[in-house]
$ cat data.cif   # mmCIF, C-alpha atoms
data_input
loop_
_atom_site.label_atom_id
_atom_site.label_comp_id
_atom_site.auth_asym_id
_atom_site.auth_seq_id
_atom_site.Cartn_x
_atom_site.Cartn_y
_atom_site.Cartn_z
CA MET A 1 0.00 0.00 0.00
CA PRO A 2 1.49 3.29 -0.99
CA ALA A 3 2.35 5.72 1.78
CA PRO A 4 0.34 8.83 2.16
CA GLU A 5 1.79 12.00 0.84
CA GLY A 6 4.14 13.67 3.24
CA ILE A 7 4.73 10.53 5.29
CA GLU A 8 8.10 8.82 5.06
CA ILE A 9 8.08 5.17 5.91
CA GLN A 10 11.38 4.03 7.42
CA GLU A 11 12.52 0.50 7.00
CA PRO A 12 13.19 -1.54 10.11
CA PRO A 13 16.75 -1.31 11.14
CA THR A 14 19.01 -4.03 10.15
CA ALA A 15 20.65 -6.31 12.58
CA GLY A 16 23.87 -4.48 11.96
CA ALA A 17 22.46 -1.19 13.16
CA TRP A 18 20.43 -2.37 16.15
CA GLY A 19 21.93 -5.68 16.92
CA GLU A 20 23.95 -4.34 19.79
CA TRP A 21 22.76 -1.98 22.50
CA ASN A 22 25.98 -0.08 22.95
CA PRO A 23 27.54 0.20 19.48
CA THR A 24 31.15 1.13 19.26
CA GLU A 25 33.01 3.28 16.83
CA ASP A 26 34.02 0.25 14.86
CA SER A 27 30.52 -1.26 14.62
CA VAL A 28 28.62 1.88 13.74
CA ARG A 29 28.62 2.90 10.13
CA PRO A 30 29.33 6.49 9.42
CA VAL A 31 26.36 8.62 8.56
CA ARG A 32 26.46 9.94 5.07
CA GLY A 33 24.37 12.54 3.44
CA LYS A 34 21.81 14.82 4.94
CA HIS A 35 18.77 13.63 6.79
CA ARG A 36 15.62 15.48 6.11
CA VAL A 37 12.79 15.77 8.55
CA ALA A 38 9.50 15.89 6.72
CA LYS A 39 6.59 17.80 8.08
CA GLN A 40 3.62 15.84 9.21
CA ARG A 41 0.10 16.94 9.23
CA GLY A 42 -0.84 19.11 12.10
CA GLY A 43 2.51 20.89 12.08
CA LEU A 44 4.55 17.98 13.53
CA ALA A 45 7.80 16.58 12.25
CA ARG A 46 9.99 13.73 13.14
CA SER A 47 13.53 12.80 12.57
CA SER A 48 15.92 10.08 13.37
CA THR A 49 16.96 12.00 16.43
CA VAL A 50 13.39 12.06 17.71
CA LEU A 51 13.03 8.42 16.83
CA GLY A 52 16.18 7.67 18.80
CA VAL A 53 14.73 9.45 21.79
CA GLY A 54 11.61 7.38 21.45
CA VAL A 55 13.64 4.20 21.34
CA ILE A 56 15.52 5.26 24.44
CA ALA A 57 12.25 6.04 26.19
CA ALA A 58 10.90 2.65 25.17
CA VAL A 59 14.00 0.92 26.46
CA GLY A 60 13.82 2.90 29.69
CA ALA A 61 10.18 1.87 30.17
CA GLY A 62 10.65 -1.77 29.43
CA GLY A 63 14.09 -2.46 30.85
CA ILE A 64 17.24 -3.44 29.11
CA ALA A 65 16.31 -5.01 25.69
CA THR A 66 17.29 -4.73 22.13
CA ALA A 67 15.56 -2.17 19.98
CA GLN A 68 15.18 -4.82 17.27
CA ASP A 69 12.49 -6.68 19.21
CA ARG A 70 10.34 -3.62 19.76
CA PRO A 71 8.25 -1.69 17.24
CA GLN A 72 9.27 1.74 16.23
CA VAL A 73 7.78 4.58 18.25
CA ALA A 74 7.13 7.78 16.50
CA ILE A 75 7.45 10.92 18.64
CA SER A 76 6.26 14.13 17.11
CA LEU A 77 7.11 17.65 18.28
CA PRO A 78 5.55 20.86 17.01
CA ALA A 79 7.63 22.66 14.45
CA LEU A 80 9.66 25.57 15.75
CA PRO A 81 7.98 28.15 13.47
CA ASP A 82 4.55 26.94 14.49
CA MET A 83 5.54 27.18 18.12
CA MET A 84 6.81 30.71 17.58
CA THR A 85 3.75 31.84 15.58
CA GLY A 86 1.28 29.99 17.71
CA GLY A 87 2.78 31.19 20.88
CA LYS A 88 2.86 34.72 19.66
CA ALA A 89 -0.71 34.55 18.47
CA GLN A 90 -1.90 33.04 21.68
CA GLN A 91 0.05 35.65 23.60
CA GLU A 92 -1.57 38.36 21.50
CA ASP A 93 -4.97 36.79 22.01
CA GLY A 94 -4.93 37.46 25.70
CA GLY A 95 -2.71 34.97 27.48
CA SER A 96 -3.76 31.52 26.28
CA GLY A 97 -1.41 28.96 24.91
CA PRO A 98 2.33 28.55 25.36
CA ALA A 99 2.90 32.23 26.14
CA ALA A 100 0.41 32.05 28.96
CA SER A 101 2.13 28.91 30.19
CA THR A 102 5.42 30.71 29.99
CA GLY A 103 3.93 33.58 31.95
CA GLU A 104 2.59 31.20 34.50
CA ARG A 105 5.96 29.52 34.74
CA THR A 106 7.59 32.93 35.07
CA GLY A 107 5.23 33.77 37.92
CA ILE A 108 5.95 30.46 39.61
CA ILE A 109 9.66 31.04 39.21
CA ALA A 110 9.29 34.51 40.65
CA GLN A 111 7.23 33.10 43.50
CA GLN A 112 9.79 30.37 44.03
CA SER A 113 12.52 32.99 43.83
CA ALA A 114 10.66 35.04 46.39
CA GLN A 115 10.22 31.97 48.56
CA GLY A 116 13.90 31.19 48.09
CA ALA A 117 14.75 34.75 49.03
CA ASP A 118 12.53 34.45 52.11
CA ALA A 119 14.18 31.17 53.02
CA GLY A 120 17.59 32.75 52.51
CA GLU A 121 16.57 35.67 54.69
CA VAL A 122 15.30 33.26 57.36
CA LEU A 123 18.55 31.33 57.14
CA ARG A 124 20.54 34.56 57.28
CA ASN A 125 18.54 35.75 60.30
CA ARG A 126 19.02 32.40 61.97
CA ILE A 127 22.75 32.55 61.37
CA LEU A 128 22.84 36.11 62.69
CA GLN A 129 20.83 35.06 65.74
CA GLN A 130 23.18 32.17 66.36
CA ALA A 131 26.16 34.50 65.99
CA GLU A 132 24.58 37.03 68.34
CA SER A 133 23.73 34.26 70.80
CA GLN A 134 27.29 32.99 70.68
CA GLN A 135 28.60 36.54 71.09
CA ASP A 136 26.24 37.13 74.03
CA SER A 137 27.36 33.87 75.59
CA ALA A 138 30.99 34.83 75.11
CA GLU A 139 30.37 38.27 76.59
CA ALA A 140 28.42 36.78 79.51
CA LYS A 141 31.24 34.30 80.10
CA ALA A 142 33.80 37.10 79.93
CA ARG A 143 31.74 39.19 82.37
CA ALA A 144 31.36 36.22 84.71
CA GLU A 145 35.10 35.56 84.57
CA ALA A 146 35.81 39.25 85.17
CA GLU A 147 33.39 39.33 88.12
CA GLN A 148 34.91 36.17 89.53
CA ALA A 149 38.40 37.61 89.13
CA ALA A 150 37.25 40.83 90.81
CA GLN A 151 35.68 38.87 93.66
CA GLN A 152 38.83 36.82 94.08
CA ALA A 153 40.94 40.00 94.04
CA ALA A 154 38.62 41.64 96.59
CA ALA A 155 38.72 38.54 98.78
CA GLN A 156 42.51 38.43 98.54
CA GLU A 157 42.72 42.14 99.39
CA ALA A 158 40.35 41.70 102.34
CA LYS A 159 42.40 38.74 103.53
CA GLU A 160 45.61 40.75 103.27
CA LYS A 161 44.03 43.67 105.13
CA LEU A 162 42.76 41.30 107.83
CA GLU A 163 46.18 39.74 108.19
CA ALA A 164 47.78 43.21 108.31
CA ALA A 165 45.27 44.33 110.97
CA ARG A 166 45.89 41.16 112.95
CA THR A 167 49.64 41.65 112.71
CA ALA A 168 49.29 45.29 113.76
CA ALA A 169 47.09 44.27 116.69
CA GLU A 170 49.61 41.65 117.77
CA GLU A 171 52.43 44.18 117.50
CA ALA A 172 50.42 46.74 119.46
CA LYS A 173 49.65 44.12 122.10
CA THR A 174 53.30 43.15 122.30
CA GLN A 175 54.34 46.79 122.59
CA ALA A 176 51.69 47.43 125.25
CA GLU A 177 52.83 44.40 127.23
CA ALA A 178 56.45 45.46 126.90
CA LYS A 179 55.57 48.99 128.00
CA ALA A 180 53.52 47.72 130.95
CA LYS A 181 56.39 45.44 131.92
CA GLU A 182 58.85 48.32 131.72
CA GLU A 183 56.56 50.51 133.80
CA ALA A 184 56.11 47.76 136.36
CA GLU A 185 59.84 47.20 136.51
CA ALA A 186 60.45 50.95 136.86
CA LYS A 187 57.85 51.19 139.60
CA ALA A 188 59.33 48.21 141.39
CA ALA A 189 62.78 49.76 141.07
CA GLU A 190 61.46 53.05 142.48
CA GLU A 191 59.78 51.25 145.37
CA ALA A 192 62.93 49.25 146.02
CA ALA A 193 65.01 52.43 145.97
CA ALA A 194 62.61 54.19 148.33
CA LYS A 195 62.61 51.22 150.66
CA ALA A 196 66.39 51.06 150.58
CA GLU A 197 66.54 54.78 151.37
CA GLN A 198 64.15 54.35 154.26
CA GLU A 199 66.16 51.44 155.55
CA ARG A 200 69.32 53.45 155.17
CA LEU A 201 67.83 56.34 157.08
CA ALA A 202 66.45 54.05 159.76
CA LYS A 203 69.66 52.05 160.04
CA PRO A 204 71.81 53.09 162.99
CA ALA A 205 74.78 55.27 162.17
CA GLY A 206 77.30 53.37 164.17
CA SER A 207 75.24 52.87 167.31
CA TYR A 208 72.49 55.40 166.55
CA SER A 209 69.26 55.29 164.47
CA LEU A 210 66.55 57.68 163.30
CA PRO A 211 63.46 57.55 165.53
CA THR A 212 61.04 56.84 162.62
CA SER A 213 60.74 56.70 158.78
CA ALA A 214 58.51 58.13 156.05
CA TYR A 215 58.07 61.36 157.93
CA THR A 216 57.87 65.10 157.44
CA LEU A 217 59.30 67.63 159.91
CA THR A 218 56.49 70.01 160.85
CA SER A 219 57.70 71.80 164.00
CA HIS A 220 61.22 72.47 165.18
CA TYR A 221 62.72 73.08 168.58
CA GLY A 222 62.13 76.65 169.90
CA ASP A 223 59.10 77.46 167.72
CA SER A 224 56.76 79.79 169.61
CA GLY A 225 53.01 79.63 169.77
CA SER A 226 49.92 79.21 171.91
CA MET A 227 49.82 75.52 171.19
CA TRP A 228 52.57 74.86 173.70
CA SER A 229 52.19 75.52 177.43
CA SER A 230 55.69 76.96 177.81
CA GLY A 231 55.15 79.38 174.94
CA HIS A 232 57.70 77.67 172.71
CA HIS A 233 58.22 74.22 171.23
CA THR A 234 60.48 71.97 173.31
CA GLY A 235 60.98 69.19 170.82
CA LEU A 236 61.03 68.07 167.10
CA ASP A 237 57.83 66.85 165.42
CA PHE A 238 57.97 63.99 162.86
CA ALA A 239 54.56 63.92 161.08
CA ALA A 240 53.80 60.40 159.84
CA PRO A 241 50.77 58.15 159.39
CA THR A 242 49.31 56.56 162.46
CA GLY A 243 50.96 53.20 163.10
CA THR A 244 54.34 54.09 161.65
CA PRO A 245 57.04 52.26 163.71
CA VAL A 246 58.94 54.28 166.36
CA LYS A 247 62.50 53.07 167.07
CA ALA A 248 65.13 53.52 169.78
CA VAL A 249 67.74 56.05 168.64
CA ALA A 250 70.43 54.24 170.60
CA ALA A 251 70.91 51.37 172.97
CA GLY A 252 69.50 52.00 176.44
CA LYS A 253 66.71 51.09 178.78
CA ILE A 254 63.06 51.98 179.08
CA THR A 255 62.54 53.87 182.36
CA SER A 256 58.94 55.00 181.83
CA ALA A 257 56.03 54.04 179.61
CA GLY A 258 52.38 55.14 179.86
CA TRP A 259 49.91 58.03 179.74
CA SER A 260 51.39 61.46 180.36
CA GLY A 261 48.65 64.13 180.05
CA ALA A 262 49.27 66.55 177.15
CA TYR A 263 52.01 64.21 175.83
CA GLY A 264 49.53 61.34 175.47
CA TYR A 265 51.16 57.94 175.53
CA ARG A 266 54.88 58.46 176.19
CA ILE A 267 57.99 56.27 176.40
CA VAL A 268 61.19 57.51 178.08
CA LEU A 269 64.45 55.91 176.86
CA GLU A 270 67.54 56.53 179.02
CA LEU A 271 70.92 56.25 177.31
CA PRO A 272 74.11 55.15 179.06
CA ASP A 273 75.35 58.79 179.43
CA GLY A 274 72.12 59.74 181.24
CA THR A 275 70.51 61.47 178.23
CA GLU A 276 66.74 60.90 178.06
CA ILE A 277 64.80 60.55 174.84
CA TRP A 278 61.08 61.19 175.09
CA TYR A 279 58.67 59.57 172.53
CA CYS A 280 55.27 61.28 172.85
CA HIS A 281 51.70 61.09 171.36
CA LEU A 282 52.11 57.34 170.62
CA SER A 283 49.17 55.26 169.44
CA SER A 284 50.67 52.12 171.00
CA MET A 285 53.71 50.97 172.98
CA SER A 286 55.58 47.80 172.05
CA VAL A 287 58.19 47.87 174.85
CA THR A 288 57.41 49.39 178.24
CA SER A 289 60.54 48.40 180.21
CA GLY A 290 63.94 46.83 179.95
CA ALA A 291 66.93 47.23 177.71
CA VAL A 292 66.59 47.89 173.98
CA GLY A 293 69.02 48.15 171.11
CA ALA A 294 69.50 50.91 168.56
CA GLY A 295 66.86 50.72 165.84
CA GLU A 296 64.56 48.44 167.84
CA THR A 297 60.83 49.23 167.51
CA ILE A 298 59.41 50.35 170.85
CA GLY A 299 56.06 51.89 169.77
CA ARG A 300 54.01 53.42 166.90
CA VAL A 301 53.10 56.93 165.78
CA GLY A 302 49.74 58.22 166.99
CA ALA A 303 47.69 61.32 167.87
CA THR A 304 47.11 60.98 171.59
CA GLY A 305 47.28 63.96 173.97
CA ASN A 306 47.32 67.59 172.86
CA VAL A 307 47.82 67.28 169.09
CA THR A 308 46.36 68.47 165.80
CA GLY A 309 47.30 65.31 163.85
CA PRO A 310 49.32 62.09 164.07
CA HIS A 311 53.02 62.72 164.63
CA LEU A 312 55.97 61.76 166.85
CA HIS A 313 57.02 64.46 169.30
CA LEU A 314 60.69 63.74 170.12
CA GLU A 315 62.47 65.50 172.99
CA VAL A 316 66.11 65.23 174.08
CA ARG A 317 66.74 66.03 177.79
CA LYS A 318 69.95 66.01 179.72
CA GLY A 319 70.29 67.04 183.41
CA GLY A 320 66.62 68.05 183.38
CA SER A 321 67.06 70.60 180.54
CA THR A 322 65.78 70.25 176.94
CA GLN A 323 68.11 70.32 173.94
CA ASP A 324 67.54 70.74 170.22
CA PRO A 325 66.78 67.20 168.95
CA LEU A 326 67.81 68.05 165.38
CA ALA A 327 71.23 69.26 166.46
CA TRP A 328 71.67 66.29 168.76
CA LEU A 329 70.77 63.77 166.02
CA ASN A 330 73.09 65.50 163.55
CA SER A 331 75.85 65.30 166.11
CA LYS A 332 75.40 61.54 166.17
CA GLY A 333 75.87 61.27 162.41
CA LEU A 334 72.18 61.02 161.54
CA ASN A 335 70.89 62.94 158.51
CA VAL A 336 67.38 63.98 159.48
#
$ encode --input "data.cif" --output "structure tokens"
Amino acid sequence: MPAPEGIEIQEPPTAGAWGEWNPTEDSVRPVRGKHRVAKQRGGLARSSTVLGVGVIAAVGAGGIATAQDRPQVAISLPALPDMMTGGKAQQEDGGSGPAASTGERTGIIAQQSAQGADAGEVLRNRILQQAESQQDSAEAKARAEAEQAAQQAAAQEAKEKLEAARTAAEEAKTQAEAKAKEEAEAKAAEEAAAKAEQERLAKPAGSYSLPTSAYTLTSHYGDSGSMWSSGHHTGLDFAAPTGTPVKAVAAGKITSAGWSGAYGYRIVLELPDGTEIWYCHLSSMSVTSGAVGAGETIGRVGATGNVTGPHLHLEVRKGGSTQDPLAWLNSKGLNV
């Protein structure tokens, strides 16, 4: 049957052309001449290239097989001029046809581009947020480390100040103790010196001794006044606290001891040369008779009799007459 006009009937390929699926350069015959694609009705054309695509599609759909066992598949595509004219006409007609499809695809691409841009912006914002979060974390960590370092420095400084204050307190305490010890030692030395001086004064000079210690001379021999019955003072007054020991100025014997009117309690000590020493205004009497030695305690200072305060009234009498006690004591080597 003759082929319709405009239709080219291709003979089945020979075994040499389609016998192998992957022909090599040696097995494929070179193509000679020009191949013409004839137009089909309806504006479609086909060519060997299109036919090859069809064969490939058929092989892809049915698995690996030889093209010889399968019928030829004709694939038609609209001619390029028809596509151009048809598309243009449809585009001029108001958006139908390929142009409209192209427009729709362009809109979809723009939408997808916009969606891609939005996704990129979201990704960019997320990356920026992560970077900011990491930066904030780093800054927070740096601040925490700085605060911790500052706290450690402050604690170290406070510890050093506390140790310095403690050391200063210990030094001050040591200095105070040393000063108190020095003062105590100085006071003890002063008391020892005063005691030694009193003992020295009270110690007999040879065979003589001061009548008392820790005294103050208030009235001397010969002082005049209404306080004395004879109009003048007949002795030497040693003002001292009540109870201060009264001692024998020299070795002798007690010839009298007791109350004696204005003299109060009185002790009379007679020395070997007949000199009498009177101890008057005593608060108490330790020895009332017998022999005594120089420096021996025979009584205590008091305020008995006609007195204005506690003191020892000492008189020196020889042959019934009074003498200056200060001069007599000095003559015996005593520094009153």
$ resolve_selection --input "data.cif" --expression "the PyMOL selection byres ((chain A and resi 288-298) around 6)" --output "ChimeraX atom specification"
/A:208-209,246-254,257,286-287,299
$ residues_near_point --input "data.cif" --point "(58.5, 56.3, 176.1)" --cutoff "9 Å" --atoms "all atoms listed in the file" --output "PyMOL selection string"
chain A and resi 254-258+265-269+277-280+282+285+287-288+298-299
$ residues_around --input "data.cif" --residues "Val316 in chain A" --least-positions-apart "4" --cutoff "9 Å" --atoms "only C-alpha atoms" --output "list in words"
Thr234, Gly235, Thr275, Glu276, Ile277, Trp278, Ser321, Thr322, Gln323, Asp324, Pro325 and Trp328 of chain A
$ closest_residue --input "data.cif" --among "A:Arg166, A:Tyr215, A:Ser207, A:Gly261" --to "Leu329 in chain A" --atoms "all atoms listed in the file"
A:Ser207
$ residues_around --input "data.cif" --residues "Tyr263 in chain A" --least-positions-apart "6" --cutoff "7 Å" --atoms "only C-alpha atoms" --output "count of residues only"
4
$ atom_distance --input "data.cif" --atom1 "CA of Lys159 in chain A" --atom2 "CA of Ala172 in chain A"
19.5 Å
$ atom_distance --input "data.cif" --atom1 "CA of Ala214 in chain A" --atom2 "CA of Ala239 in chain A"
8.6 Å
$ atom_distance --input "data.cif" --atom1 "CA of Gly243 in chain A" --atom2 "CA of Ala194 in chain A"
18.8 Å
$ resolve_selection --input "data.cif" --expression "the PyMOL selection byres ((chain A and resi 310) around 7)" --output "number ranges by chain"
A: 239-242, 301-303, 309, 311
$ axis_aligned_box --input "data.cif" --around "range 159-164 of chain A" --padding-each-side "6 Å" --output "AutoDock Vina command-line options"
--center_x 45.1 --center_y 41.2 --center_z 105.8 --size_x 17.4 --size_y 16.9 --size_z 17.0
$ residues_around --input "data.cif" --residues "Leu217 in chain A" --least-positions-apart "5" --cutoff "9 Å" --atoms "all atoms listed in the file" --output "JSON, numbers by chain"
{"A": [236, 237, 238, 239, 336]}
$ build_atoms --input "data.cif" --residues "range 123-148 of chain A" --atoms "N, CA, C and O atoms" --output "PDB file, in the frame of the given file"
ATOM      1  N   LEU A 123      17.275  31.957  56.813  1.00  0.00           N
ATOM      2  CA  LEU A 123      18.550  31.330  57.140  1.00  0.00           C
ATOM      3  C   LEU A 123      19.575  32.353  57.609  1.00  0.00           C
ATOM      4  O   LEU A 123      20.309  32.134  58.575  1.00  0.00           O
ATOM      5  N   ARG A 124      19.585  33.491  56.901  1.00  0.00           N
ATOM      6  CA  ARG A 124      20.540  34.560  57.280  1.00  0.00           C
ATOM      7  C   ARG A 124      20.230  35.062  58.693  1.00  0.00           C
ATOM      8  O   ARG A 124      21.138  35.255  59.526  1.00  0.00           O
ATOM      9  N   ASN A 125      18.910  35.285  58.959  1.00  0.00           N
ATOM     10  CA  ASN A 125      18.540  35.750  60.300  1.00  0.00           C
ATOM     11  C   ASN A 125      18.892  34.730  61.362  1.00  0.00           C
ATOM     12  O   ASN A 125      19.331  35.067  62.465  1.00  0.00           O
ATOM     13  N   ARG A 126      18.676  33.444  60.999  1.00  0.00           N
ATOM     14  CA  ARG A 126      19.020  32.400  61.970  1.00  0.00           C
ATOM     15  C   ARG A 126      20.517  32.370  62.243  1.00  0.00           C
ATOM     16  O   ARG A 126      20.955  32.229  63.398  1.00  0.00           O
ATOM     17  N   ILE A 127      21.286  32.523  61.188  1.00  0.00           N
ATOM     18  CA  ILE A 127      22.750  32.550  61.370  1.00  0.00           C
ATOM     19  C   ILE A 127      23.160  33.756  62.205  1.00  0.00           C
ATOM     20  O   ILE A 127      23.998  33.668  63.111  1.00  0.00           O
ATOM     21  N   LEU A 128      22.534  34.913  61.902  1.00  0.00           N
ATOM     22  CA  LEU A 128      22.840  36.110  62.690  1.00  0.00           C
ATOM     23  C   LEU A 128      22.445  35.921  64.150  1.00  0.00           C
ATOM     24  O   LEU A 128      23.164  36.331  65.071  1.00  0.00           O
ATOM     25  N   GLN A 129      21.255  35.298  64.368  1.00  0.00           N
ATOM     26  CA  GLN A 129      20.830  35.060  65.740  1.00  0.00           C
ATOM     27  C   GLN A 129      21.796  34.125  66.464  1.00  0.00           C
ATOM     28  O   GLN A 129      22.129  34.346  67.630  1.00  0.00           O
ATOM     29  N   GLN A 130      22.216  33.068  65.747  1.00  0.00           N
ATOM     30  CA  GLN A 130      23.180  32.170  66.360  1.00  0.00           C
ATOM     31  C   GLN A 130      24.486  32.893  66.677  1.00  0.00           C
ATOM     32  O   GLN A 130      25.078  32.703  67.742  1.00  0.00           O
ATOM     33  N   ALA A 131      24.921  33.742  65.740  1.00  0.00           N
ATOM     34  CA  ALA A 131      26.160  34.500  65.990  1.00  0.00           C
ATOM     35  C   ALA A 131      25.994  35.440  67.177  1.00  0.00           C
ATOM     36  O   ALA A 131      26.871  35.548  68.042  1.00  0.00           O
ATOM     37  N   GLU A 132      24.816  36.130  67.206  1.00  0.00           N
ATOM     38  CA  GLU A 132      24.580  37.030  68.340  1.00  0.00           C
ATOM     39  C   GLU A 132      24.493  36.255  69.644  1.00  0.00           C
ATOM     40  O   GLU A 132      24.998  36.697  70.681  1.00  0.00           O
ATOM     41  N   SER A 133      23.826  35.081  69.583  1.00  0.00           N
ATOM     42  CA  SER A 133      23.730  34.260  70.800  1.00  0.00           C
ATOM     43  C   SER A 133      25.107  33.822  71.263  1.00  0.00           C
ATOM     44  O   SER A 133      25.429  33.878  72.452  1.00  0.00           O
ATOM     45  N   GLN A 134      25.926  33.381  70.313  1.00  0.00           N
ATOM     46  CA  GLN A 134      27.290  32.990  70.680  1.00  0.00           C
ATOM     47  C   GLN A 134      28.081  34.175  71.223  1.00  0.00           C
ATOM     48  O   GLN A 134      28.816  34.048  72.202  1.00  0.00           O
ATOM     49  N   GLN A 135      27.901  35.352  70.593  1.00  0.00           N
ATOM     50  CA  GLN A 135      28.600  36.540  71.090  1.00  0.00           C
ATOM     51  C   GLN A 135      28.112  36.917  72.486  1.00  0.00           C
ATOM     52  O   GLN A 135      28.913  37.262  73.366  1.00  0.00           O
ATOM     53  N   ASP A 136      26.764  36.841  72.689  1.00  0.00           N
ATOM     54  CA  ASP A 136      26.240  37.130  74.030  1.00  0.00           C
ATOM     55  C   ASP A 136      26.760  36.150  75.049  1.00  0.00           C
ATOM     56  O   ASP A 136      27.112  36.535  76.175  1.00  0.00           O
ATOM     57  N   SER A 137      26.825  34.872  74.665  1.00  0.00           N
ATOM     58  CA  SER A 137      27.360  33.870  75.590  1.00  0.00           C
ATOM     59  C   SER A 137      28.814  34.151  75.908  1.00  0.00           C
ATOM     60  O   SER A 137      29.245  34.064  77.070  1.00  0.00           O
ATOM     61  N   ALA A 138      29.577  34.514  74.867  1.00  0.00           N
ATOM     62  CA  ALA A 138      30.990  34.830  75.110  1.00  0.00           C
ATOM     63  C   ALA A 138      31.135  36.046  76.013  1.00  0.00           C
ATOM     64  O   ALA A 138      31.963  36.074  76.939  1.00  0.00           O
ATOM     65  N   GLU A 139      30.308  37.081  75.738  1.00  0.00           N
ATOM     66  CA  GLU A 139      30.370  38.270  76.590  1.00  0.00           C
ATOM     67  C   GLU A 139      29.947  37.963  78.018  1.00  0.00           C
ATOM     68  O   GLU A 139      30.551  38.440  78.981  1.00  0.00           O
ATOM     69  N   ALA A 140      28.869  37.165  78.162  1.00  0.00           N
ATOM     70  CA  ALA A 140      28.420  36.780  79.510  1.00  0.00           C
ATOM     71  C   ALA A 140      29.510  35.992  80.230  1.00  0.00           C
ATOM     72  O   ALA A 140      29.770  36.201  81.424  1.00  0.00           O
ATOM     73  N   LYS A 141      30.150  35.076  79.495  1.00  0.00           N
ATOM     74  CA  LYS A 141      31.240  34.300  80.100  1.00  0.00           C
ATOM     75  C   LYS A 141      32.388  35.202  80.493  1.00  0.00           C
ATOM     76  O   LYS A 141      32.959  35.064  81.582  1.00  0.00           O
ATOM     77  N   ALA A 142      32.715  36.169  79.607  1.00  0.00           N
ATOM     78  CA  ALA A 142      33.800  37.100  79.930  1.00  0.00           C
ATOM     79  C   ALA A 142      33.441  37.944  81.151  1.00  0.00           C
ATOM     80  O   ALA A 142      34.277  38.178  82.036  1.00  0.00           O
ATOM     81  N   ARG A 143      32.157  38.414  81.194  1.00  0.00           N
ATOM     82  CA  ARG A 143      31.740  39.190  82.370  1.00  0.00           C
ATOM     83  C   ARG A 143      31.795  38.351  83.633  1.00  0.00           C
ATOM     84  O   ARG A 143      32.241  38.825  84.687  1.00  0.00           O
ATOM     85  N   ALA A 144      31.328  37.097  83.532  1.00  0.00           N
ATOM     86  CA  ALA A 144      31.360  36.220  84.710  1.00  0.00           C
ATOM     87  C   ALA A 144      32.794  35.987  85.166  1.00  0.00           C
ATOM     88  O   ALA A 144      33.094  36.035  86.371  1.00  0.00           O
ATOM     89  N   GLU A 145      33.691  35.752  84.200  1.00  0.00           N
ATOM     90  CA  GLU A 145      35.100  35.560  84.570  1.00  0.00           C
ATOM     91  C   GLU A 145      35.684  36.823  85.177  1.00  0.00           C
ATOM     92  O   GLU A 145      36.441  36.762  86.147  1.00  0.00           O
ATOM     93  N   ALA A 146      35.313  37.994  84.614  1.00  0.00           N
ATOM     94  CA  ALA A 146      35.810  39.250  85.170  1.00  0.00           C
ATOM     95  C   ALA A 146      35.276  39.468  86.590  1.00  0.00           C
ATOM     96  O   ALA A 146      36.012  39.877  87.495  1.00  0.00           O
ATOM     97  N   GLU A 147      33.961  39.189  86.775  1.00  0.00           N
ATOM     98  CA  GLU A 147      33.390  39.330  88.120  1.00  0.00           C
ATOM     99  C   GLU A 147      34.039  38.357  89.094  1.00  0.00           C
ATOM    100  O   GLU A 147      34.340  38.712  90.236  1.00  0.00           O
ATOM    101  N   GLN A 148      34.256  37.143  88.651  1.00  0.00           N
ATOM    102  CA  GLN A 148      34.910  36.170  89.530  1.00  0.00           C
ATOM    103  C   GLN A 148      36.321  36.599  89.868  1.00  0.00           C
ATOM    104  O   GLN A 148      36.755  36.494  91.025  1.00  0.00           O
TER     105      GLN A 148
END
